[in-house]
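Here's the structure we're looking at; comments come further down.
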Amino acid sequence: MKPVDEVVRDRIAPVLRRAGFQRRRRHFWFDSASGDRAYVEVRPFKLGFREAEFFVDLGVQPRIWADWLGRDGGETRDVLWADRLMVPGRRPPMADHWSFDLVDEPAGDLLATELSARLPEILGLLDPALLLGYARTLPRPGRKISVRPEIALAVMLATQGPSDELEQSLGALATDPDWVAFDTEFVAFVRGWIAQHPADAQD
């Protein structure tokens, strides 16, 4: 077994299992009752200094975003909100790179502690209203999102059902000269998604 997989087994999997995550090798996910999904994925990144060297990717994929990305069939792990688990005390540009030997018990304990501390935030963003609130703060330094802020806002507004604000957002996207082809398809998708999922949109 590779050192990184020993770390996953001994330090990461127990934390996520207790929180209700499912696992496939280095990939973990948690589904909310409404079909929104939280991700944690361990990605090896070897520099050769320590036995186990890796990133811990964090993400939230609202159901509507999964439907948009998978509209032509198939599944995707691409997320709307994305971040990484940082190493306390480490400076950029490698502040998110975990690197330690298996015998380093304090480092392993720190990893488990930091991951456990981030779970309330990650799982909290499975609430569409909270993720909408987050999207309203964009753009802002330190905010983590995988798409243009106006797209993220429209996506999360759609989860709340029809509204004047959503119409204004979609109208702005439909007339954006820089993204005509993408935004035209996206706007049509959002309108169709709301019509097909009235029970999923909140008043």
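Identifiers in this document derive from the order of the structure tokens: chains are assigned A, B, ..., residues are numbered from 1 separately in each chain, and ligands are numbered from 1 in order of occurrence.
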May I have a table of the residues of range 89-198 of chain A lying at most 12 Å from range 74-81 of chain A, giving each one's closest pair of atoms and their distance in Å to one decimal, counting only C-alpha atoms, ordered by chain and ascending residue number, as JSON lines?
```
{"residue": "A:Glu121", "atom": "CA", "partner": "A:Trp81", "partner_atom": "CA", "distance": 11.4}
{"residue": "A:Ile122", "atom": "CA", "partner": "A:Trp81", "partner_atom": "CA", "distance": 9.2}
{"residue": "A:Leu123", "atom": "CA", "partner": "A:Trp81", "partner_atom": "CA", "distance": 11.6}
{"residue": "A:Gly124", "atom": "CA", "partner": "A:Trp81", "partner_atom": "CA", "distance": 11.9}
{"residue": "A:Leu125", "atom": "CA", "partner": "A:Trp81", "partner_atom": "CA", "distance": 8.6}
{"residue": "A:Leu126", "atom": "CA", "partner": "A:Trp81", "partner_atom": "CA", "distance": 10.2}
{"residue": "A:Pro128", "atom": "CA", "partner": "A:Leu80", "partner_atom": "CA", "distance": 11.8}
{"residue": "A:Leu130", "atom": "CA", "partner": "A:Trp81", "partner_atom": "CA", "distance": 11.9}
{"residue": "A:Leu131", "atom": "CA", "partner": "A:Trp81", "partner_atom": "CA", "distance": 8.5}
{"residue": "A:Leu132", "atom": "CA", "partner": "A:Trp81", "partner_atom": "CA", "distance": 11.0}
{"residue": "A:Tyr134", "atom": "CA", "partner": "A:Trp81", "partner_atom": "CA", "distance": 9.5}
{"residue": "A:Ala135", "atom": "CA", "partner": "A:Trp81", "partner_atom": "CA", "distance": 9.3}
{"residue": "A:Leu138", "atom": "CA", "partner": "A:Trp81", "partner_atom": "CA", "distance": 11.6}
{"residue": "A:Arg143", "atom": "CA", "partner": "A:Trp81", "partner_atom": "CA", "distance": 9.1}
{"residue": "A:Lys144", "atom": "CA", "partner": "A:Trp81", "partner_atom": "CA", "distance": 6.0}
{"residue": "A:Ile145", "atom": "CA", "partner": "A:Trp81", "partner_atom": "CA", "distance": 4.5}
{"residue": "A:Ser146", "atom": "CA", "partner": "A:Leu80", "partner_atom": "CA", "distance": 5.4}
{"residue": "A:Val147", "atom": "CA", "partner": "A:Leu80", "partner_atom": "CA", "distance": 6.9}
{"residue": "A:Arg148", "atom": "CA", "partner": "A:Leu80", "partner_atom": "CA", "distance": 10.0}
{"residue": "A:Pro149", "atom": "CA", "partner": "A:Leu80", "partner_atom": "CA", "distance": 10.3}
{"residue": "A:Ile151", "atom": "CA", "partner": "A:Leu80", "partner_atom": "CA", "distance": 9.7}
{"residue": "A:Ala152", "atom": "CA", "partner": "A:Leu80", "partner_atom": "CA", "distance": 7.2}
{"residue": "A:Leu153", "atom": "CA", "partner": "A:Leu80", "partner_atom": "CA", "distance": 10.6}
{"residue": "A:Ala154", "atom": "CA", "partner": "A:Leu80", "partner_atom": "CA", "distance": 11.9}
{"residue": "A:Val155", "atom": "CA", "partner": "A:Leu80", "partner_atom": "CA", "distance": 9.3}
{"residue": "A:Met156", "atom": "CA", "partner": "A:Leu80", "partner_atom": "CA", "distance": 9.9}
```
Task: Between CA of Arg11 in chain A and CA of Ala82 in chain A - distance in Å to one decimal - done: 21.6 Å
Open item on the list: When DSSP is applied to the backbone of this structure, which of chain A are assigned helix (DSSP H, G or I)? Write them out as JSON, numbers by chain.
Closed with: {"A": [3, 4, 5, 6, 7, 8, 9, 10, 11, 12, 13, 14, 15, 16, 17, 18, 63, 64, 65, 66, 67, 68, 69, 105, 106, 107, 108, 109, 110, 111, 112, 113, 114, 115, 116, 117, 118, 119, 120, 121, 122, 123, 124, 128, 129, 130, 131, 132, 133, 134, 135, 136, 149, 150, 151, 152, 153, 154, 155, 156, 157, 158, 164, 165, 166, 167, 168, 169, 170, 171, 172, 173, 174, 180, 181, 182, 183, 184, 185, 186, 187, 188, 189, 190, 191, 192, 193, 194, 195, 196]}
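Contact shell of range 5-9 of chain A at 9 Å (only C-alpha atoms; same-chain neighbours under 4 positions omitted): Met1, Ala13, Pro14, Arg25, Arg26, Val42, Ala52, Leu102 and Gly108 of chain A.
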Open item on the list: Restricting the calculation to only C-alpha atoms: of A:Pro120, A:Pro93, A:Gly20, A:Gly73, which residue gets closest to Ser32 in chain A?
Closed with: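 Under the stated criterion, the closest residue is A:Gly20.
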- [ ] For CA of Met86 in chain A and CA of Arg118 in chain A, determine how far apart the two atoms are, in Å to one decimal place.
- [x] 10.0 Å
TODO: Could you pull out the residues in range 7-138 of chain A that DSSP calls strand (DSSP E or B) from the backbone, as a PyMOL selection string?
DONE: chain A and resi 22-24+27-31+37-44+52-61+81-84+98-100
Task: Shell around Glu51 in chain A at 12 Å using only C-alpha atoms, local window under 3 positions removed, as an NGL selection string - done: :A and (1-7 or 44-48 or 54 or 98-104)
- [ ] Extract, using only C-alpha atoms, all DNA, RNA and protein residues at most 8 Å from Arg84 in chain A, discarding same-chain residues fewer than 4 positions from it, and format them as a PyMOL selection string.
- [x] chain A and resi 55-58+96
Let me see the file: selected residues, N, CA and C atoms, as a tab-separated table (two decimals), in the first residue's frame.
```
chain	number	residue	atom	x	y	z
A	55	PHE	N	-2.55	16.77	-1.80
A	55	PHE	CA	-3.53	17.82	-1.57
A	55	PHE	C	-4.82	17.16	-1.12
A	56	VAL	N	-5.62	17.89	-0.35
A	56	VAL	CA	-6.97	17.45	0.01
A	56	VAL	C	-7.94	18.46	-0.59
A	57	ASP	N	-8.59	18.06	-1.67
A	57	ASP	CA	-9.55	18.93	-2.36
A	57	ASP	C	-10.92	18.83	-1.71
A	58	LEU	N	-11.58	19.96	-1.57
A	58	LEU	CA	-12.90	20.04	-0.98
A	58	LEU	C	-13.86	20.65	-2.01
A	96	ASP	N	-1.18	24.56	0.89
A	96	ASP	CA	-2.20	23.51	0.81
A	96	ASP	C	-1.58	22.13	0.54
```
If you count only C-alpha atoms, which residues fall within 12 Å of range 176-188 of chain A, apart from same-chain ones fewer than 4 positions away, as a PDB file with N, CA, C and O atoms, in the first residue's frame?
```
ATOM      1  N   ILE A  64     -28.479  21.147  -9.088  1.00  0.00           N
ATOM      2  CA  ILE A  64     -28.713  21.867 -10.336  1.00  0.00           C
ATOM      3  C   ILE A  64     -27.419  22.005 -11.137  1.00  0.00           C
ATOM      4  O   ILE A  64     -27.425  21.926 -12.360  1.00  0.00           O
ATOM      5  N   TRP A  65     -26.297  22.147 -10.442  1.00  0.00           N
ATOM      6  CA  TRP A  65     -25.014  22.266 -11.135  1.00  0.00           C
ATOM      7  C   TRP A  65     -24.622  20.926 -11.767  1.00  0.00           C
ATOM      8  O   TRP A  65     -24.103  20.880 -12.892  1.00  0.00           O
ATOM      9  N   ASP A  67     -26.739  18.724 -12.782  1.00  0.00           N
ATOM     10  CA  ASP A  67     -27.650  18.558 -13.917  1.00  0.00           C
ATOM     11  C   ASP A  67     -27.173  19.374 -15.124  1.00  0.00           C
ATOM     12  O   ASP A  67     -27.265  18.919 -16.272  1.00  0.00           O
ATOM     13  N   TRP A  68     -26.668  20.570 -14.856  1.00  0.00           N
ATOM     14  CA  TRP A  68     -26.153  21.413 -15.946  1.00  0.00           C
ATOM     15  C   TRP A  68     -24.938  20.768 -16.607  1.00  0.00           C
ATOM     16  O   TRP A  68     -24.866  20.643 -17.825  1.00  0.00           O
ATOM     17  N   LEU A  69     -23.996  20.334 -15.807  1.00  0.00           N
ATOM     18  CA  LEU A  69     -22.775  19.758 -16.350  1.00  0.00           C
ATOM     19  C   LEU A  69     -23.022  18.401 -17.008  1.00  0.00           C
ATOM     20  O   LEU A  69     -22.309  18.024 -17.937  1.00  0.00           O
ATOM     21  N   ARG A  71     -25.822  17.513 -18.588  1.00  0.00           N
ATOM     22  CA  ARG A  71     -27.025  17.634 -19.423  1.00  0.00           C
ATOM     23  C   ARG A  71     -26.945  16.782 -20.689  1.00  0.00           C
ATOM     24  O   ARG A  71     -27.972  16.451 -21.283  1.00  0.00           O
ATOM     25  N   ARG A 148     -17.620  31.873 -13.087  1.00  0.00           N
ATOM     26  CA  ARG A 148     -17.833  33.312 -12.985  1.00  0.00           C
ATOM     27  C   ARG A 148     -18.876  33.607 -11.904  1.00  0.00           C
ATOM     28  O   ARG A 148     -19.866  32.887 -11.773  1.00  0.00           O
ATOM     29  N   GLU A 150     -21.300  35.683 -11.629  1.00  0.00           N
ATOM     30  CA  GLU A 150     -22.682  35.857 -12.077  1.00  0.00           C
ATOM     31  C   GLU A 150     -23.354  34.531 -12.416  1.00  0.00           C
ATOM     32  O   GLU A 150     -24.571  34.388 -12.271  1.00  0.00           O
ATOM     33  N   ILE A 151     -22.567  33.549 -12.853  1.00  0.00           N
ATOM     34  CA  ILE A 151     -23.115  32.214 -13.109  1.00  0.00           C
ATOM     35  C   ILE A 151     -23.467  31.536 -11.787  1.00  0.00           C
ATOM     36  O   ILE A 151     -24.543  30.941 -11.633  1.00  0.00           O
ATOM     37  N   ALA A 152     -22.557  31.615 -10.824  1.00  0.00           N
ATOM     38  CA  ALA A 152     -22.810  31.010  -9.513  1.00  0.00           C
ATOM     39  C   ALA A 152     -24.058  31.607  -8.870  1.00  0.00           C
ATOM     40  O   ALA A 152     -24.872  30.881  -8.284  1.00  0.00           O
ATOM     41  N   ALA A 154     -26.667  33.015 -10.379  1.00  0.00           N
ATOM     42  CA  ALA A 154     -27.867  32.565 -11.089  1.00  0.00           C
ATOM     43  C   ALA A 154     -28.217  31.128 -10.732  1.00  0.00           C
ATOM     44  O   ALA A 154     -29.397  30.791 -10.554  1.00  0.00           O
ATOM     45  N   VAL A 155     -27.208  30.279 -10.632  1.00  0.00           N
ATOM     46  CA  VAL A 155     -27.443  28.878 -10.273  1.00  0.00           C
ATOM     47  C   VAL A 155     -28.151  28.784  -8.934  1.00  0.00           C
ATOM     48  O   VAL A 155     -29.154  28.071  -8.777  1.00  0.00           O
ATOM     49  N   ALA A 158     -31.716  30.086  -8.758  1.00  0.00           N
ATOM     50  CA  ALA A 158     -32.665  29.153  -9.369  1.00  0.00           C
ATOM     51  C   ALA A 158     -33.153  28.116  -8.367  1.00  0.00           C
ATOM     52  O   ALA A 158     -34.297  27.638  -8.463  1.00  0.00           O
ATOM     53  N   LEU A 166     -33.784  36.688  -9.912  1.00  0.00           N
ATOM     54  CA  LEU A 166     -33.324  35.685 -10.869  1.00  0.00           C
ATOM     55  C   LEU A 166     -33.523  36.178 -12.291  1.00  0.00           C
ATOM     56  O   LEU A 166     -32.639  36.016 -13.143  1.00  0.00           O
ATOM     57  N   GLU A 167     -34.673  36.782 -12.562  1.00  0.00           N
ATOM     58  CA  GLU A 167     -34.934  37.288 -13.906  1.00  0.00           C
ATOM     59  C   GLU A 167     -33.929  38.358 -14.298  1.00  0.00           C
ATOM     60  O   GLU A 167     -33.461  38.406 -15.440  1.00  0.00           O
ATOM     61  N   GLN A 168     -33.578  39.223 -13.355  1.00  0.00           N
ATOM     62  CA  GLN A 168     -32.575  40.247 -13.640  1.00  0.00           C
ATOM     63  C   GLN A 168     -31.223  39.608 -13.921  1.00  0.00           C
ATOM     64  O   GLN A 168     -30.490  40.029 -14.821  1.00  0.00           O
ATOM     65  N   SER A 169     -30.894  38.588 -13.148  1.00  0.00           N
ATOM     66  CA  SER A 169     -29.620  37.895 -13.329  1.00  0.00           C
ATOM     67  C   SER A 169     -29.561  37.204 -14.680  1.00  0.00           C
ATOM     68  O   SER A 169     -28.562  37.318 -15.406  1.00  0.00           O
ATOM     69  N   LEU A 170     -30.622  36.490 -15.032  1.00  0.00           N
ATOM     70  CA  LEU A 170     -30.651  35.794 -16.320  1.00  0.00           C
ATOM     71  C   LEU A 170     -30.670  36.785 -17.477  1.00  0.00           C
ATOM     72  O   LEU A 170     -30.050  36.549 -18.521  1.00  0.00           O
ATOM     73  N   GLY A 171     -31.367  37.904 -17.298  1.00  0.00           N
ATOM     74  CA  GLY A 171     -31.405  38.927 -18.342  1.00  0.00           C
ATOM     75  C   GLY A 171     -30.030  39.503 -18.617  1.00  0.00           C
ATOM     76  O   GLY A 171     -29.653  39.732 -19.773  1.00  0.00           O
ATOM     77  N   ALA A 172     -29.267  39.732 -17.543  1.00  0.00           N
ATOM     78  CA  ALA A 172     -27.913  40.259 -17.708  1.00  0.00           C
ATOM     79  C   ALA A 172     -27.021  39.250 -18.428  1.00  0.00           C
ATOM     80  O   ALA A 172     -26.205  39.609 -19.275  1.00  0.00           O
ATOM     81  N   GLY A 192     -35.552  25.953 -17.973  1.00  0.00           N
ATOM     82  CA  GLY A 192     -36.108  24.610 -18.107  1.00  0.00           C
ATOM     83  C   GLY A 192     -36.006  23.817 -16.823  1.00  0.00           C
ATOM     84  O   GLY A 192     -36.922  23.055 -16.478  1.00  0.00           O
ATOM     85  N   TRP A 193     -34.913  24.001 -16.095  1.00  0.00           N
ATOM     86  CA  TRP A 193     -34.705  23.260 -14.843  1.00  0.00           C
ATOM     87  C   TRP A 193     -35.755  23.645 -13.808  1.00  0.00           C
ATOM     88  O   TRP A 193     -36.312  22.778 -13.125  1.00  0.00           O
ATOM     89  N   ILE A 194     -36.046  24.922 -13.698  1.00  0.00           N
ATOM     90  CA  ILE A 194     -37.057  25.377 -12.739  1.00  0.00           C
ATOM     91  C   ILE A 194     -38.417  24.804 -13.099  1.00  0.00           C
ATOM     92  O   ILE A 194     -39.177  24.360 -12.234  1.00  0.00           O
ATOM     93  N   ALA A 195     -38.730  24.774 -14.382  1.00  0.00           N
ATOM     94  CA  ALA A 195     -40.021  24.238 -14.818  1.00  0.00           C
ATOM     95  C   ALA A 195     -40.139  22.741 -14.534  1.00  0.00           C
ATOM     96  O   ALA A 195     -41.224  22.250 -14.203  1.00  0.00           O
TER      97      ALA A 195
END
```
